[in-house]
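Asker: For reference, this is data_26.cif, and it has mmCIF, C-alpha atoms.
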data_input
#
loop_
_atom_site.group_PDB
_atom_site.id
_atom_site.type_symbol
_atom_site.label_atom_id
_atom_site.label_comp_id
_atom_site.auth_asym_id
_atom_site.auth_seq_id
_atom_site.Cartn_x
_atom_site.Cartn_y
_atom_site.Cartn_z
ATOM 1 C CA MET A 274 6.567 13.040 -13.548
ATOM 2 C CA GLU A 275 5.071 16.097 -12.008
ATOM 3 C CA ILE A 276 6.002 19.296 -10.290
ATOM 4 C CA ALA A 277 4.427 19.895 -6.901
ATOM 5 C CA VAL A 278 4.173 23.248 -5.191
ATOM 6 C CA ILE A 279 3.297 23.660 -1.533
ATOM 7 C CA GLY A 280 2.778 26.967 0.190
ATOM 8 C CA ASN A 281 0.252 29.597 1.123
ATOM 9 C CA SER A 282 -2.427 30.455 -1.387
ATOM 10 C CA ASP A 283 -0.610 33.527 -2.723
ATOM 11 C CA PHE A 284 2.512 31.525 -3.363
ATOM 12 C CA ILE A 285 0.837 28.728 -5.274
ATOM 13 C CA LEU A 286 -1.460 30.966 -7.307
ATOM 14 C CA GLY A 287 1.264 32.016 -9.715
ATOM 15 C CA PHE A 288 2.307 28.434 -10.275
ATOM 16 C CA ARG A 289 -1.257 27.489 -11.097
ATOM 17 C CA LEU A 290 -1.184 30.205 -13.694
ATOM 18 C CA ALA A 291 1.898 28.595 -15.215
ATOM 19 C CA GLY A 292 -0.017 25.328 -15.446
ATOM 20 C CA VAL A 293 1.374 23.412 -12.476
ATOM 21 C CA GLU A 294 -1.500 21.172 -11.459
ATOM 22 C CA MET A 295 -0.286 19.806 -8.190
ATOM 23 C CA THR A 296 -0.447 22.858 -6.017
ATOM 24 C CA ILE A 297 -1.292 22.275 -2.384
ATOM 25 C CA ALA A 298 -2.398 25.121 -0.205
ATOM 26 C CA ALA A 299 -1.154 24.845 3.341
ATOM 27 C CA GLU A 300 -1.514 27.718 5.734
ATOM 28 C CA SER A 301 -0.954 26.221 9.181
ATOM 29 C CA ASP A 302 2.258 24.544 10.296
ATOM 30 C CA GLN A 303 0.540 21.232 10.779
ATOM 31 C CA LYS A 304 -1.048 21.234 7.342
ATOM 32 C CA LEU A 305 2.285 22.136 5.820
ATOM 33 C CA ALA A 306 4.016 19.188 7.447
ATOM 34 C CA GLU A 307 1.217 16.863 6.353
ATOM 35 C CA ALA A 308 1.337 18.083 2.764
ATOM 36 C CA VAL A 309 5.124 17.722 2.562
ATOM 37 C CA THR A 310 5.075 14.168 3.924
ATOM 38 C CA ARG A 311 2.358 13.232 1.469
ATOM 39 C CA VAL A 312 4.295 14.607 -1.472
ATOM 40 C CA LEU A 313 7.507 12.923 -0.327
ATOM 41 C CA ASN A 314 5.705 9.587 -0.385
ATOM 42 C CA ASN A 315 4.227 10.203 -3.793
ATOM 43 C CA ASN A 316 6.333 8.526 -6.438
ATOM 44 C CA SER A 317 5.018 10.504 -9.370
ATOM 45 C CA VAL A 318 6.393 13.793 -8.052
ATOM 46 C CA GLY A 319 9.755 14.713 -9.509
ATOM 47 C CA ILE A 320 10.275 18.221 -8.246
ATOM 48 C CA LEU A 321 8.935 19.774 -5.066
ATOM 49 C CA VAL A 322 8.907 23.549 -4.855
ATOM 50 C CA LEU A 323 8.767 25.148 -1.427
ATOM 51 C CA LYS A 324 9.096 28.641 -0.100
ATOM 52 C CA GLY A 325 12.309 29.214 1.833
ATOM 53 C CA SER A 326 10.539 30.660 4.843
ATOM 54 C CA ASP A 327 8.165 27.673 4.966
ATOM 55 C CA ILE A 328 11.072 25.284 5.422
ATOM 56 C CA GLU A 329 11.836 26.857 8.776
ATOM 57 C CA ARG A 330 8.318 26.088 9.939
ATOM 58 C CA LEU A 331 8.673 22.363 9.337
ATOM 59 C CA PRO A 332 9.685 19.908 12.055
ATOM 60 C CA GLU A 333 13.382 19.090 12.200
ATOM 61 C CA ARG A 334 12.910 15.505 11.034
ATOM 62 C CA ILE A 335 11.089 16.426 7.840
ATOM 63 C CA ARG A 336 13.636 19.121 7.147
ATOM 64 C CA THR A 337 16.533 16.676 7.149
ATOM 65 C CA THR A 338 14.586 14.316 4.910
ATOM 66 C CA LEU A 339 14.021 17.166 2.503
ATOM 67 C CA GLU A 340 17.687 18.049 2.425
ATOM 68 C CA GLU A 341 18.724 14.479 1.709
ATOM 69 C CA SER A 342 15.958 13.749 -0.760
ATOM 70 C CA VAL A 343 16.924 13.110 -4.355
ATOM 71 C CA GLN A 344 13.538 12.104 -5.637
ATOM 72 C CA PRO A 345 11.661 14.360 -5.413
ATOM 73 C CA THR A 346 14.283 17.035 -5.695
ATOM 74 C CA VAL A 347 13.410 19.869 -3.381
ATOM 75 C CA ILE A 348 13.879 23.405 -4.610
ATOM 76 C CA THR A 349 13.443 26.287 -2.235
ATOM 77 C CA ILE A 350 12.620 29.757 -3.395
ATOM 78 C CA GLY A 351 13.302 32.913 -1.485
ATOM 79 C CA ALA A 352 15.461 32.559 1.615
ATOM 80 C CA ALA A 353 18.946 31.157 1.278
ATOM 81 C CA GLU A 354 18.124 28.048 3.310
ATOM 82 C CA GLY A 355 18.668 25.612 0.457
ATOM 83 C CA GLY A 356 22.086 27.083 -0.204
ATOM 84 C CA VAL A 357 23.152 26.632 3.384
ATOM 85 C CA SER A 358 22.408 22.914 3.485
ATOM 86 C CA MET A 359 24.135 22.400 0.156
ATOM 87 C CA ARG A 360 27.110 24.313 1.477
ATOM 88 C CA GLU A 361 27.304 21.986 4.483
ATOM 89 C CA LYS A 362 27.172 18.963 2.210
ATOM 90 C CA ILE A 363 29.974 20.286 0.043
ATOM 91 C CA LYS A 364 32.108 21.048 3.059
ATOM 92 C CA ARG A 365 31.631 17.545 4.367
ATOM 93 C CA ALA A 366 32.285 15.763 1.078
ATOM 94 C CA VAL A 367 35.099 17.783 -0.437
ATOM 95 C CA GLY A 368 36.553 19.234 2.731
ATOM 96 C CA VAL A 369 36.710 22.762 1.398
ATOM 97 C CA ASP A 370 34.027 25.432 1.411
ATOM 98 C CA LEU A 371 33.570 25.910 -2.288
ATOM 99 C CA TRP A 372 30.232 27.690 -2.241
ATOM 100 C CA LYS A 373 31.346 31.245 -2.942
ATOM 101 C CA MET B 289 43.230 -8.234 11.620
ATOM 102 C CA ALA B 290 44.961 -8.446 14.932
ATOM 103 C CA LEU B 291 48.502 -9.727 15.136
ATOM 104 C CA LYS B 292 47.686 -12.681 17.354
ATOM 105 C CA ASP B 293 45.433 -14.171 14.657
ATOM 106 C CA VAL B 294 48.285 -14.399 12.189
ATOM 107 C CA LYS B 295 49.873 -17.805 11.761
ATOM 108 C CA PRO B 296 53.589 -17.392 11.068
ATOM 109 C CA THR B 297 53.756 -19.738 8.097
ATOM 110 C CA ARG B 298 55.182 -19.294 4.667
ATOM 111 C CA SER B 299 51.860 -19.847 2.872
ATOM 112 C CA GLU B 300 50.230 -17.193 5.027
ATOM 113 C CA LEU B 301 52.985 -14.774 4.033
ATOM 114 C CA ILE B 302 52.348 -15.442 0.361
ATOM 115 C CA ASN B 303 48.621 -14.906 0.847
ATOM 116 C CA LEU B 304 49.257 -11.650 2.663
ATOM 117 C CA LYS B 305 51.528 -10.391 -0.091
ATOM 118 C CA LYS B 306 48.783 -11.093 -2.608
ATOM 119 C CA LYS B 307 46.272 -9.234 -0.456
ATOM 120 C CA ILE B 308 48.561 -6.210 -0.115
ATOM 121 C CA LYS B 309 49.022 -6.053 -3.858
ATOM 122 C CA LEU B 310 45.265 -6.246 -4.433
ATOM 123 C CA SER B 311 44.511 -3.580 -1.831
ATOM 124 C CA GLU B 312 47.066 -1.242 -3.285
ATOM 125 C CA ARG B 313 45.653 -1.660 -6.752
ATOM 126 C CA GLY B 314 42.138 -0.991 -5.441
ATOM 127 C CA TYR B 315 43.410 2.007 -3.541
ATOM 128 C CA ASN B 316 44.945 3.529 -6.647
ATOM 129 C CA ILE B 317 41.829 2.992 -8.711
ATOM 130 C CA LEU B 318 39.564 4.445 -6.032
ATOM 131 C CA LYS B 319 41.845 7.443 -5.665
ATOM 132 C CA MET B 320 41.543 8.098 -9.363
ATOM 133 C CA LYS B 321 37.770 7.722 -9.148
ATOM 134 C CA ARG B 322 37.623 10.207 -6.311
ATOM 135 C CA ASP B 323 39.669 12.767 -8.206
ATOM 136 C CA GLY B 324 37.544 12.287 -11.300
ATOM 137 C CA LEU B 325 34.335 12.752 -9.342
ATOM 138 C CA ILE B 326 35.595 15.949 -7.764
ATOM 139 C CA LEU B 327 36.558 17.252 -11.188
ATOM 140 C CA GLU B 328 33.041 16.532 -12.471
ATOM 141 C CA PHE B 329 31.633 18.140 -9.368
ATOM 142 C CA PHE B 330 33.499 21.369 -10.047
ATOM 143 C CA LYS B 331 31.848 21.589 -13.445
ATOM 144 C CA VAL B 332 28.364 21.196 -11.973
ATOM 145 C CA LEU B 333 29.090 23.612 -9.138
ATOM 146 C CA GLU B 334 29.555 26.552 -11.472
ATOM 147 C CA GLU B 335 26.202 25.889 -13.115
ATOM 148 C CA ALA B 336 24.483 25.470 -9.763
ATOM 149 C CA LYS B 337 25.618 28.852 -8.532
ATOM 150 C CA GLY B 338 24.199 30.518 -11.618
ATOM 151 C CA SER B 339 20.876 28.734 -11.508
ATOM 152 C CA ARG B 340 20.244 29.608 -7.883
ATOM 153 C CA ASP B 341 20.717 33.292 -8.575
ATOM 154 C CA ALA B 342 18.501 33.056 -11.636
ATOM 155 C CA ILE B 343 15.672 31.517 -9.602
ATOM 156 C CA GLY B 344 15.815 34.307 -7.052
ATOM 157 C CA GLU B 345 15.744 36.931 -9.736
ATOM 158 C CA LYS B 346 12.888 35.360 -11.687
ATOM 159 C CA TYR B 347 10.890 34.781 -8.535
ATOM 160 C CA ALA B 348 11.195 38.416 -7.501
ATOM 161 C CA ARG B 349 10.061 39.509 -10.940
ATOM 162 C CA ALA B 350 7.113 37.104 -10.967
ATOM 163 C CA GLN B 351 6.063 38.256 -7.503
ATOM 164 C CA GLY B 352 6.075 41.867 -8.657
ATOM 165 C CA ILE B 353 3.971 41.115 -11.690
ATOM 166 C CA ILE B 354 1.423 39.036 -9.833
ATOM 167 C CA ALA B 355 1.013 41.857 -7.343
ATOM 168 C CA ILE B 356 0.173 44.163 -10.212
ATOM 169 C CA ALA B 357 -2.237 41.596 -11.632
ATOM 170 C CA ASN B 358 -3.943 41.312 -8.265
ATOM 171 C CA THR B 359 -4.441 45.040 -8.168
ATOM 172 C CA VAL B 360 -5.652 45.376 -11.728
ATOM 173 C CA GLU B 361 -7.820 42.278 -11.999
ATOM 174 C CA GLY B 362 -8.653 41.684 -8.372
ATOM 175 C CA SER B 363 -7.501 38.491 -6.690
ATOM 176 C CA ILE B 364 -10.650 36.667 -7.773
ATOM 177 C CA GLY B 365 -9.978 37.451 -11.407
ATOM 178 C CA VAL B 366 -6.413 36.128 -11.140
ATOM 179 C CA LYS B 367 -7.617 33.016 -9.339
ATOM 180 C CA ALA B 368 -10.264 32.383 -11.955
ATOM 181 C CA ALA B 369 -7.693 32.607 -14.696
ATOM 182 C CA ALA B 370 -5.352 30.325 -12.770
ATOM 183 C CA MET B 371 -8.037 27.686 -12.265
ATOM 184 C CA SER B 372 -8.806 27.517 -15.942
ATOM 185 C CA VAL B 373 -5.275 26.762 -17.097
ATOM 186 C CA ARG B 374 -5.410 23.271 -18.554
ATOM 187 C CA GLU B 375 -2.095 22.335 -20.050
ATOM 188 C CA LYS B 376 0.338 21.191 -17.412
ATOM 189 C CA PRO B 377 4.088 21.008 -17.875
ATOM 190 C CA GLU B 378 5.301 17.476 -18.358
ATOM 191 C CA LEU B 379 8.621 16.108 -17.292
ATOM 192 C CA THR B 380 10.468 13.238 -18.822
ATOM 193 C CA LEU B 381 13.390 11.678 -17.050
ATOM 194 C CA LYS B 382 16.446 10.388 -18.780
ATOM 195 C CA LYS B 383 19.442 8.845 -17.137
ATOM 196 C CA LYS B 384 22.980 9.988 -17.560
ATOM 197 C CA ASN B 385 26.044 8.260 -16.195
ATOM 198 C CA ILE B 386 28.855 10.279 -14.665
ATOM 199 C CA MET B 387 31.645 7.953 -13.539
ATOM 200 C CA GLY B 388 29.231 5.313 -12.343
ATOM 201 C CA VAL B 389 26.845 7.763 -10.733
ATOM 202 C CA VAL B 390 23.422 7.698 -12.316
ATOM 203 C CA VAL B 391 22.202 11.228 -12.727
ATOM 204 C CA PRO B 392 18.841 12.367 -14.044
ATOM 205 C CA GLU B 393 18.416 14.476 -17.089
ATOM 206 C CA ILE B 394 15.068 16.211 -16.858
ATOM 207 C CA GLU B 395 13.399 17.371 -19.967
ATOM 208 C CA ALA B 396 10.313 19.480 -19.767
ATOM 209 C CA THR B 397 7.687 20.064 -22.399
ATOM 210 C CA LYS B 398 4.790 22.455 -22.462
ATOM 211 C CA VAL B 399 6.245 24.795 -19.883
ATOM 212 C CA LYS B 400 6.081 27.842 -22.068
ATOM 213 C CA LYS B 401 2.741 28.238 -23.764
ATOM 214 C CA ASP B 402 1.350 30.802 -26.077
ATOM 215 C CA LEU B 403 -1.816 32.695 -25.450
ATOM 216 C CA ALA B 404 -4.266 30.277 -27.031
ATOM 217 C CA GLU B 405 -2.931 27.283 -25.145
ATOM 218 C CA ARG B 406 -3.347 28.743 -21.694
ATOM 219 C CA GLY B 407 -7.034 27.937 -21.395
ATOM 220 C CA TYR B 408 -8.457 31.118 -19.982
ATOM 221 C CA GLY B 409 -10.270 33.307 -22.428
ATOM 222 C CA VAL B 410 -8.368 36.056 -24.167
ATOM 223 C CA LEU B 411 -11.299 38.428 -24.019
ATOM 224 C CA GLY B 412 -12.119 38.067 -20.333
ATOM 225 C CA THR B 413 -8.696 38.909 -19.018
ATOM 226 C CA SER B 414 -6.236 41.719 -19.445
ATOM 227 C CA ALA B 415 -2.653 41.648 -20.606
ATOM 228 C CA VAL B 416 -1.385 41.695 -17.026
ATOM 229 C CA ILE B 417 -2.576 38.135 -16.543
ATOM 230 C CA ASP B 418 -0.708 37.029 -19.636
ATOM 231 C CA GLU B 419 2.424 38.671 -18.367
ATOM 232 C CA THR B 420 2.067 37.039 -14.970
ATOM 233 C CA ALA B 421 1.556 33.642 -16.558
ATOM 234 C CA SER B 422 4.602 33.987 -18.760
ATOM 235 C CA ALA B 423 6.723 35.221 -15.833
ATOM 236 C CA PHE B 424 5.781 32.151 -13.821
ATOM 237 C CA GLU B 425 6.326 29.889 -16.786
ATOM 238 C CA GLU B 426 9.864 31.210 -16.984
ATOM 239 C CA LEU B 427 10.280 30.614 -13.278
ATOM 240 C CA VAL B 428 9.086 27.016 -13.606
ATOM 241 C CA ASP B 429 11.472 26.510 -16.493
ATOM 242 C CA GLU B 430 14.358 27.727 -14.366
ATOM 243 C CA ILE B 431 13.251 25.563 -11.451
ATOM 244 C CA ILE B 432 13.296 22.475 -13.630
ATOM 245 C CA ARG B 433 16.815 23.246 -14.775
ATOM 246 C CA ALA B 434 17.910 23.874 -11.195
ATOM 247 C CA ALA B 435 16.310 20.623 -10.077
ATOM 248 C CA GLU B 436 18.397 18.681 -12.553
ATOM 249 C CA ILE B 437 21.598 20.374 -11.468
ATOM 250 C CA GLU B 438 20.844 20.040 -7.801
ATOM 251 C CA THR B 439 20.013 16.343 -8.014
ATOM 252 C CA THR B 440 23.233 15.811 -9.918
ATOM 253 C CA MET B 441 25.153 17.640 -7.218
ATOM 254 C CA LYS B 442 23.563 15.711 -4.373
ATOM 255 C CA ARG B 443 24.283 12.365 -5.986
ATOM 256 C CA LEU B 444 27.841 13.346 -6.855
ATOM 257 C CA LEU B 445 28.470 14.563 -3.315
ATOM 258 C CA ASN B 446 27.176 11.321 -1.819
ATOM 259 C CA GLU B 447 29.391 9.313 -4.142
ATOM 260 C CA ILE B 448 32.422 11.499 -3.400
ATOM 261 C CA GLU B 449 31.877 11.051 0.290
ATOM 262 C CA SER B 450 31.638 7.275 0.183
ATOM 263 C CA THR B 451 34.581 6.990 -2.209
ATOM 264 C CA LYS B 452 36.666 9.202 0.008
ATOM 265 C CA ARG B 453 35.794 7.075 2.991
ATOM 266 C CA ARG B 454 36.840 3.948 1.151
ATOM 267 C CA VAL B 455 40.111 5.496 0.001
ATOM 268 C CA ASN B 456 40.939 6.593 3.526
ATOM 269 C CA ALA B 457 39.981 3.240 5.009
ATOM 270 C CA LEU B 458 42.330 1.491 2.602
ATOM 271 C CA GLU B 459 45.149 3.973 3.046
ATOM 272 C CA PHE B 460 45.109 4.294 6.812
ATOM 273 C CA LYS B 461 43.589 1.051 8.035
ATOM 274 C CA VAL B 462 43.604 -1.915 5.693
ATOM 275 C CA ILE B 463 46.987 -1.555 4.001
ATOM 276 C CA PRO B 464 48.997 -0.667 7.150
ATOM 277 C CA GLU B 465 47.492 -3.619 9.012
ATOM 278 C CA LEU B 466 48.316 -6.034 6.219
ATOM 279 C CA LYS B 467 51.854 -4.699 6.054
ATOM 280 C CA GLU B 468 52.254 -5.021 9.785
ATOM 281 C CA ALA B 469 51.065 -8.616 9.665
ATOM 282 C CA SER B 470 53.452 -9.498 6.877
ATOM 283 C CA ALA B 471 56.381 -7.880 8.732
ATOM 284 C CA PHE B 472 55.455 -9.914 11.795
ATOM 285 C CA ILE B 473 55.430 -13.156 9.843
ATOM 286 C CA LYS B 474 58.773 -12.377 8.249
ATOM 287 C CA MET B 475 60.300 -11.717 11.622
ATOM 288 C CA ARG B 476 58.938 -14.936 13.087
ATOM 289 C CA LEU B 477 60.140 -16.976 10.118
ATOM 290 C CA ASP B 478 63.654 -15.526 10.419
ATOM 291 C CA GLU B 479 63.617 -16.194 14.122
ATOM 292 C CA MET B 480 62.625 -19.820 13.525
ATOM 293 C CA GLU B 481 65.375 -20.207 10.988
ATOM 294 C CA ARG B 482 67.979 -18.943 13.436
ATOM 295 C CA ASP B 483 66.608 -21.317 16.084
ATOM 296 C CA GLU B 484 66.990 -24.185 13.711
ATOM 297 C CA LEU B 485 70.578 -23.217 12.838
ATOM 298 C CA VAL B 486 71.648 -22.956 16.437
ATOM 299 C CA ARG B 487 70.060 -26.305 17.231
ATOM 300 C CA LEU B 488 71.868 -27.994 14.364
ATOM 301 C CA LYS B 489 75.190 -26.514 15.499
ATOM 302 C CA LYS B 490 74.604 -27.747 19.041
ATOM 303 C CA ILE B 491 73.815 -31.265 17.822
ATOM 304 C CA LYS B 492 76.902 -31.271 15.634
ATOM 305 C CA ALA B 493 79.099 -30.154 18.528
ATOM 306 C CA LYS B 494 77.646 -32.877 20.742
ATOM 307 C CA SER B 495 78.096 -35.648 18.176
ATOM 308 C CA LYS B 496 81.770 -34.628 17.645
ATOM 309 C CA ALA B 497 82.578 -34.701 21.302
#
What does this structure look like when you write it as C-alpha cells?
Answerer:
Amino acid sequence: MEIAVIGNSDFILGFRLAGVEMTIAAESDQKLAEAVTRVLNNNSVGILVLKGSDIERLPERIRTTLEESVQPTVITIGAAEGGVSMREKIKRAVGVDLWK
Amino acid sequence: MALKDVKPTRSELINLKKKIKLSERGYNILKMKRDGLILEFFKVLEEAKGSRDAIGEKYARAQGIIAIANTVEGSIGVKAAAMSVREKPELTLKKKNIMGVVVPEIEATKVKKDLAERGYGVLGTSAVIDETASAFEELVDEIIRAAEIETTMKRLLNEIESTKRRVNALEFKVIPELKEASAFIKMRLDEMERDELVRLKKIKAKSKA
C-alpha cells in the first residue's frame, strides 16, 4: 500500500523529500479533480493526503466521496475542513456533539 | 403487518408470541452491541483529537523549515534533493476486529531514514535539507497514525448508525406491531368464545321449552 499526496508543487515537494513516491502536482481546479478521482480508483493507495484549502476547490460530488471514503483514507492538512465533516458524522451517529 | 392480514386463530397467536420473544431477544442484544460500540468509539475519539492537533503542529513546523531550505539552497536545490530520494515508506495492513467491525491496523516501515539512506549526496547538500527531510518524515509518520485512527472512527460510526437504526426499528416499529396483532387475536378469540357460549345457552333454552 502506498501514500499519495496531491497538491501544488510546493506542497508535494516536502513529501517527496520524505520519500513519498506518489506525489501528483495539480495546480488548476480541473487537474486537481482529475488527480483525486484517479487516486480514488487506484486500489494500491492506502492513504491520500490533501491540503485543506484544496478540498474546497473540488466539486461537491467528489468532496462527499472523499468524506465517506475508507480506502483510501483521506487526511487533510491545514484548514479544519476534515474536522467539520467528522463532527457532522459524529453528531449524526451518536446524537451528541462530542468533538470538543 | 397490518391488522387486517392477521387471521384470528390460535396457531397464529402462538406464532406471534414466538416472534415477539425472538424480536425482544434481538432487540436486547443489539442494544448491548450499540452501547459497546459507543464505548469503543469514545476510546478512539480521544486519540483522534490528539492526532489531528499533532498533524497541524508538525505541518506548520515542516512548512517553516522547507521555507528556510528554499532560501538557503534555492528551490532547484531542494527539488533536486527531493527527486533523488529513493526509499519510499511502505505500509502493511493488518486487520483488527472491534465488536464485529473490521478495522485496519496500519504499520509503516522506512518512514524515518538516516542520512545515508535518503539517496541524495551528503556532500552536495547542506544540513537544512536534512532537517527538512526529517521534519517531513515525522509528518508522514503522524499522518499514517492519524489515517489508522480516522478509518477506525469512520467504520465505527457507520456501524453505530446502522445498529442504532436497527434498535430503533425494533423498539418502535416491529415489536409494537407484533404486540398489537397479538392483542387483536386475543380479543377476537375471546369474542368468539362468548359467541359460542351464548349460542349454546340459547339452544339449551329452546330444547327445554
Asker: Counting all atoms listed in the file, which of B:Thr380, B:Thr359, B:Ser311, B:Thr451 gets nearest to chain A?
Answerer: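 Nearest candidate to chain A out of B:Thr380, B:Thr359, B:Ser311, B:Thr451: B:Thr380.
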Asker: Kindly determine which residues of chain A lie within 9 Å of chain B, considering only C-alpha atoms, and give the answer as a PyMOL selection string.
Answerer: chain A and resi 274-276+284+286-294+319-322+341-348+350-352+356+359+362-363+365-367+371-373
Asker: Assuming the chain letters and numbering stay as they are in my file, what does the PyMOL selection byres ((chain A and resi 302-314) around 9) actually select? List them as a list of chain:residue names.
Answerer: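 Taken on the displayed file, the PyMOL selection byres ((chain A and resi 302-314) around 9) yields the residues A:Ala277, A:Ile279, A:Gly280, A:Ile297, A:Ala298, A:Ala299, A:Glu300, A:Ser301, A:Asn315, A:Asn316, A:Ser317, A:Val318, A:Leu321, A:Asp327, A:Arg330, A:Leu331, A:Pro332, A:Ile335, A:Thr338, A:Leu339, A:Ser342, A:Gln344, A:Pro345.
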Asker: Quick one: residues within 9 Å of Ile386 of chain B, all atoms listed in the file counted, chain neighbours fewer than 3 positions away excluded, as a list in words?
Answerer: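 Listed by chain and then number, they are Leu325, Glu328, Val389, Val390, Val391 and Leu444 of chain B.
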Asker: One decimal, in Å: what's the spacing between atom CA of Lys306 of chain B and atom CA of Lys461 of chain B?
Answerer: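 Result for atom CA of Lys306 of chain B versus atom CA of Lys461 of chain B: 17.0 Å, one decimal.
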Asker: For Glu312 of chain B, find every residue with an atom within 12 Å (counting only C-alpha atoms), except residues of its own chain fewer than 3 positions away, and show them as JSON, numbers by chain.
Answerer: {"B": [305, 306, 307, 308, 309, 315, 316, 317, 318, 319, 455, 457, 458, 459, 460, 462, 463, 464, 466, 467]}
Asker: Go ahead and compute the interatomic distance for atom CA of Asp370 of chain A and atom CA of Lys384 of chain B, in Å to one decimal.
Answerer: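 Those two atoms sit 26.8 Å apart.
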Asker: For atom CA of Thr296 of chain A and atom CA of Glu430 of chain B, determine how far apart the two atoms are, in Å to one decimal place.
Answerer: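 Value for the atom CA of Thr296 of chain A-atom CA of Glu430 of chain B distance: 17.7 Å.
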Asker: With 6 Å of padding per side, what axis-aligned box (centre and edge lengths, Å, one decimal) covers all the listed atoms of segment 290-302 of chain A? Give it as AutoDock Vina command-line options.
Answerer:
--center_x -0.1 --center_y 25.0 --center_z -2.6 --size_x 16.7 --size_y 22.4 --size_z 37.7
